[in-house]
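Worksheet: one structure, shown below.
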Amino acid sequence: MNKVILMGRLTRDPEVRYSQGESSMAIARYTLAVDRRRTRSNDPNEQTADFIGIVAFGKAGEFAEKYFKKGTKVVVTGRIQTGSYTNKDGVKVYTTDVVAEDQEFAESKGSNAGNGGNSYGGDFSSGNNSNETPSAAGDGFMNIPDGIDEELPFN
């Protein structure tokens, strides 16, 4: 099985090209900086991220072109694909990329490191036709509005 799941930040805006032919297809390329787990070394100069090339085709490429920007934190699910080509100097170059099968935002648009990427932007209507938005408690969880107990799918 060839399955990869990565979470990281784009190192720059995606580079998008369109294939030639009757039905052109978007091909987006971008690089994700993916943090490594802590190593046993205490060397502050040691690399703590891997930079992984991602390729997205078709609708996924168009999505990346429209919404992804440098610094965006995303989750990519895909497969590793290797290949090779001969460059203009006659040297064989080997490539390894992740072909994106699914791409998702890993944090909300307005989030930052201070709030951990969690924000509530939805409208929560309770059974009493109130349009009150529940406030977030100090522990990061939402308070459940009064009168909604019957609508919860669990006890």
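Please note that chains go A, B, ... in the order of the structure tokens, that every chain numbers its residues from 1, and that ligands are numbered from 1 in the order shown.
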
Inset, instruction - Name the residues in contact with stretch 80-88 of chain A at a cut-off of 8 Å, using only C-alpha atoms, excluding same-chain residues fewer than 3 positions from it; report them as a list in words. - result: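 Listing them by chain and then by number gives Asn2, Lys3, Val4, Val91, Lys92, Val93, Tyr94, Thr95, Thr96, Asp97, Val98 and Val99 of chain A.
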
Quick one: write out the picked residues with C-alpha atoms as an mmCIF file, in the first residue's frame?
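Once everything was written out, this is part_35.cif:
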```cif
data_model
loop_
_atom_site.group_PDB
_atom_site.id
_atom_site.type_symbol
_atom_site.label_atom_id
_atom_site.label_comp_id
_atom_site.auth_asym_id
_atom_site.auth_seq_id
_atom_site.Cartn_x
_atom_site.Cartn_y
_atom_site.Cartn_z
ATOM 1 C CA ASN A 2 1.339 3.443 -0.956
ATOM 2 C CA LYS A 3 -0.375 6.009 1.306
ATOM 3 C CA VAL A 4 1.034 9.234 2.742
ATOM 4 C CA VAL A 91 22.546 14.130 -16.376
ATOM 5 C CA LYS A 92 19.853 11.739 -15.159
ATOM 6 C CA VAL A 93 17.800 13.344 -12.377
ATOM 7 C CA TYR A 94 15.688 11.252 -9.997
ATOM 8 C CA THR A 95 12.506 12.713 -8.500
ATOM 9 C CA THR A 96 10.283 11.840 -5.568
ATOM 10 C CA ASP A 97 6.961 13.637 -5.092
ATOM 11 C CA VAL A 98 3.720 13.126 -3.254
ATOM 12 C CA VAL A 99 0.752 13.074 -5.634
#
```

Inset, instruction - Just the residues within 6 Å of stretch 68-70 of chain A, please, counting only C-alpha atoms, with nothing from its chain fewer than 6 positions along; format it as a list of chain:residue names. - result: A:Leu10, A:Thr11, A:Arg12, A:Asp13

Inset, instruction - Please identify all polymer residues within 6 Å of stretch 57-62 of chain A, counting only C-alpha atoms, omitting same-chain residues fewer than 3 positions from it, and present them as a list in words. - result: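 Surrounding residues, per the criterion: Met25, Ala26, Ile27, Ala28 and Glu65 of chain A.
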
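Excluding A:Asp35 and any residue on its chain fewer than 4 positions from it, the residues at most 10 Å away by only C-alpha atoms are A:Leu6, A:Met7, A:Gly8, A:Arg9, A:Gln47, A:Thr48, A:Ala49, A:Asp50, A:Phe51.
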
Legend entry - Secondary structure check, strand (DSSP E or B) residues of stretch 58-117 of chain A, as an NGL selection string: :A and (73-86 or 92-105)
